[in-house]
file data.csv (CSV, C-alpha atoms)
chain,number,residue,atom,x,y,z
A,132,MET,CA,102.0,94.2,110.6
A,133,GLY,CA,102.9,97.3,108.6
A,134,GLU,CA,106.0,98.4,106.9
A,135,VAL,CA,108.6,100.4,108.7
A,136,ALA,CA,109.6,103.6,106.9
A,137,ALA,CA,113.2,104.0,105.9
A,138,GLY,CA,115.5,105.8,108.3
A,139,PRO,CA,115.7,105.7,112.1
A,140,ALA,CA,112.9,106.6,114.4
A,141,ILE,CA,114.1,108.7,117.3
A,142,LEU,CA,112.9,107.8,120.8
A,143,ILE,CA,113.0,110.8,123.2
A,144,TYR,CA,112.8,109.7,126.8
A,145,ASP,CA,113.2,111.1,130.3
A,146,GLY,CA,117.0,110.8,130.9
A,147,ASP,CA,116.6,111.7,134.6
A,148,CYS,CA,114.5,108.6,135.3
A,149,SER,CA,116.5,105.4,135.9
A,150,MET,CA,113.6,103.2,134.7
A,151,CYS,CA,113.2,105.3,131.5
A,152,ARG,CA,117.0,105.2,130.9
A,153,ALA,CA,117.1,101.4,131.4
A,154,SER,CA,114.1,100.9,129.1
A,155,ALA,CA,115.6,103.1,126.4
A,156,LEU,CA,118.9,101.3,126.6
A,157,TRP,CA,117.1,97.9,126.6
A,158,LEU,CA,115.3,98.9,123.4
A,159,MET,CA,118.4,100.2,121.8
A,160,ARG,CA,120.4,97.1,122.4
A,161,ARG,CA,117.7,95.0,120.9
A,162,ALA,CA,117.3,97.3,117.9
A,163,LEU,CA,121.1,97.1,117.3
A,164,ALA,CA,120.8,93.3,117.1
A,165,GLY,CA,119.0,93.9,113.8
A,166,ARG,CA,119.7,97.0,111.7
A,167,ALA,CA,121.5,99.8,113.5
A,168,ASP,CA,119.6,102.4,111.6
A,169,GLU,CA,116.1,101.5,113.0
A,170,LEU,CA,116.1,103.4,116.3
A,171,GLU,CA,118.0,106.2,117.9
A,172,ILE,CA,117.5,107.4,121.5
A,173,LEU,CA,117.9,110.9,122.8
A,174,PRO,CA,117.3,112.2,126.4
A,175,CYS,CA,114.6,114.8,126.6
A,176,ARG,CA,116.6,117.5,128.2
A,177,SER,CA,119.8,117.1,126.1
A,178,PRO,CA,121.0,120.0,124.1
A,179,LEU,CA,121.1,117.8,121.0
A,180,ARG,CA,117.4,116.9,121.4
A,181,ARG,CA,116.5,120.6,121.9
A,182,GLU,CA,118.5,121.5,118.8
A,183,ARG,CA,117.1,118.8,116.5
A,184,PHE,CA,113.5,118.8,117.8
A,185,PRO,CA,112.7,122.3,119.1
A,186,ALA,CA,109.0,121.8,118.5
A,187,ILE,CA,108.8,119.0,121.1
A,188,ALA,CA,108.4,120.8,124.4
A,189,ASP,CA,110.3,119.5,127.5
A,190,GLU,CA,107.0,119.1,129.2
A,191,ALA,CA,105.7,116.7,126.5
A,192,CYS,CA,108.8,114.4,126.6
A,193,MET,CA,108.9,114.5,130.4
A,194,ARG,CA,105.2,113.5,130.6
A,195,ALA,CA,105.6,110.6,128.0
A,196,MET,CA,108.1,109.2,125.7
A,197,GLN,CA,108.0,110.7,122.2
A,198,LEU,CA,108.8,108.9,119.0
A,199,VAL,CA,109.8,110.9,115.9
A,200,LEU,CA,109.2,108.8,112.9
A,201,PRO,CA,111.2,109.1,109.7
A,202,ASP,CA,108.3,110.9,108.0
A,203,GLY,CA,108.3,113.5,110.7
A,204,ARG,CA,105.2,112.3,112.6
A,205,VAL,CA,105.5,112.3,116.4
A,206,LEU,CA,103.8,109.7,118.5
A,207,GLY,CA,103.7,109.9,122.3
A,208,GLY,CA,103.3,107.4,125.1
A,209,ALA,CA,101.5,104.2,124.4
A,210,ASP,CA,100.9,105.2,120.8
A,211,ALA,CA,104.6,105.0,120.2
A,212,ALA,CA,104.9,101.5,121.5
A,213,PRO,CA,103.8,99.5,118.4
A,214,GLU,CA,106.1,101.6,116.2
A,215,ILE,CA,109.0,101.0,118.5
A,216,LEU,CA,108.3,97.3,118.6
A,217,ARG,CA,108.2,97.1,114.7
A,218,ARG,CA,111.8,98.2,114.7
A,219,ILE,CA,113.1,95.5,117.1
A,220,PRO,CA,114.0,92.1,115.8
A,221,ARG,CA,112.3,89.3,117.7
A,222,TRP,CA,109.7,91.8,119.1
A,223,ARG,CA,108.0,92.9,115.9
A,224,TRP,CA,105.2,90.3,116.5
A,225,VAL,CA,104.2,92.0,119.7
A,226,ALA,CA,103.1,95.1,117.8
A,227,VAL,CA,100.2,93.0,116.4
A,228,PHE,CA,98.5,93.0,119.8
A,229,PHE,CA,98.0,96.8,119.7
A,230,SER,CA,95.6,96.3,116.8
A,231,LEU,CA,93.3,94.0,118.8
A,232,PRO,CA,89.9,95.6,119.9
A,233,GLY,CA,90.4,97.5,123.1
A,234,ALA,CA,94.2,97.2,123.2
A,235,ARG,CA,94.9,100.9,122.5
A,236,PRO,CA,92.7,102.3,125.2
A,237,LEU,CA,94.0,99.7,127.7
A,238,SER,CA,97.6,100.4,126.7
A,239,ARG,CA,97.1,104.1,127.1
A,240,ARG,CA,95.7,103.7,130.7
A,241,VAL,CA,98.5,101.3,131.7
A,242,TYR,CA,101.2,103.6,130.1
A,243,GLY,CA,99.7,106.6,131.9
A,244,TRP,CA,99.8,104.9,135.3
A,245,ILE,CA,103.4,103.8,134.8
A,246,ALA,CA,104.4,107.3,133.5
A,247,ARG,CA,102.8,109.0,136.5
A,248,ASN,CA,104.5,106.6,138.9
A,249,ARG,CA,107.8,106.0,137.2
A,250,MET,CA,110.0,107.7,139.8
A,251,ARG,CA,108.5,105.6,142.6
A,252,LEU,CA,108.7,102.5,140.4
A,253,SER,CA,112.3,103.2,139.6
A,254,CYS,CA,113.2,103.2,143.3
A,255,ARG,CA,111.4,99.9,143.9
A,256,LEU,CA,112.8,98.1,140.8
A,257,ARG,CA,116.5,98.9,141.3
call {"tool": "encode", "arguments": {"input": "data.csv", "output": "structure tokens"}}
result
Amino acid sequence: MGEVAAGPAILIYDGDCSMCRASALWLMRRALAGRADELEILPCRSPLRRERFPAIADEACMRAMQLVLPDGRVLGGADAAPEILRRIPRWRWVAVFFSLPGARPLSRRVYGWIARNRMRLSCRLR
């Protein structure tokens, strides 16, 4: 399944989107059920995010979630999902599915559709 590097990964999300906020909080609550230092969340447009990660443009994190790994690598959108799941107790096993043939391209298409329609979906899923 792959080892998780020491230190927290930082999930940068669209804090203006209710679905994104709810998803980030859901992930954070589950990550806290394990080790509290596995995951941190930051809204894209927050001053703290801009100060800590100035190289990540607002446009990038408003288009797709960004995950900054402890080693400094940045993964966006669907590519971040397996790394996030590896940090959440009881959900780590789901990360294995991203290594199946065809899973990555499919997850990128699904994520892209959700990201493009997230505001509309947020209104419907309240």
call {"tool": "closest_residue", "arguments": {"input": "data.csv", "among": "A:Arg251, A:Pro232, A:Ile219, A:Ile245", "to": "Trp157 of chain A", "atoms": "only C-alpha atoms"}}
result
A:Ile219
call {"tool": "closest_atom_pairs", "arguments": {"input": "data.csv", "of": "segment 175-233 of chain A", "to": "segment 141-153 of chain A", "cutoff": "12 Å", "atoms": "all atoms listed in the file", "output": "tab-separated table"}}
result
residue	atom	partner	partner_atom	distance
A:Cys175	CA	A:Tyr144	CA	5.4
A:Arg176	CA	A:Gly146	CA	7.2
A:Ser177	CA	A:Gly146	CA	8.4
A:Leu179	CA	A:Ile143	CA	10.9
A:Arg180	CA	A:Ile143	CA	7.7
A:Arg181	CA	A:Ile143	CA	10.5
A:Arg183	CA	A:Ile141	CA	10.6
A:Phe184	CA	A:Ile143	CA	9.7
A:Ile187	CA	A:Ile143	CA	9.4
A:Ala188	CA	A:Ile143	CA	11.1
A:Asp189	CA	A:Asp145	CA	9.3
A:Glu190	CA	A:Asp145	CA	10.2
A:Ala191	CA	A:Ile143	CA	9.9
A:Cys192	CA	A:Tyr144	CA	6.2
A:Met193	CA	A:Asp145	CA	5.5
A:Arg194	CA	A:Asp145	CA	8.4
A:Ala195	CA	A:Tyr144	CA	7.4
A:Met196	CA	A:Tyr144	CA	4.9
A:Gln197	CA	A:Ile143	CA	5.1
A:Leu198	CA	A:Leu142	CA	4.6
A:Val199	CA	A:Ile141	CA	5.0
A:Leu200	CA	A:Ile141	CA	6.6
A:Pro201	CA	A:Ile141	CA	8.1
A:Asp202	CA	A:Ile141	CA	11.2
A:Gly203	CA	A:Ile141	CA	10.0
A:Arg204	CA	A:Ile141	CA	10.7
A:Val205	CA	A:Ile141	CA	9.4
A:Leu206	CA	A:Leu142	CA	9.6
A:Gly207	CA	A:Ile143	CA	9.4
A:Gly208	CA	A:Tyr144	CA	9.9
A:Ala211	CA	A:Leu142	CA	8.8
A:Ala212	CA	A:Leu142	CA	10.2
A:Glu214	CA	A:Leu142	CA	10.3
A:Ile215	CA	A:Leu142	CA	8.2
A:Leu216	CA	A:Leu142	CA	11.7
A:Arg218	CA	A:Ile141	CA	11.1
call {"tool": "atom_distance", "arguments": {"input": "data.csv", "atom1": "atom CA of Ala234 of chain A", "atom2": "atom CA of Ala246 of chain A"}}
result
17.7 Å
call {"tool": "atom_distance", "arguments": {"input": "data.csv", "atom1": "atom CA of Phe229 of chain A", "atom2": "atom CA of Leu158 of chain A"}}
result
17.8 Å
call {"tool": "closest_residue", "arguments": {"input": "data.csv", "among": "A:Arg217, A:Leu252, A:Arg223, A:Asp210", "to": "Ser238 of chain A", "atoms": "only C-alpha atoms"}}
result
A:Asp210
call {"tool": "atom_distance", "arguments": {"input": "data.csv", "atom1": "atom CA of Ala186 of chain A", "atom2": "atom CA of Ile172 of chain A"}}
result
17.0 Å
call {"tool": "closest_residue", "arguments": {"input": "data.csv", "among": "A:Val225, A:Ser230, A:Arg160, A:Ala209", "to": "Tyr242 of chain A", "atoms": "all atoms listed in the file"}}
result
A:Ala209
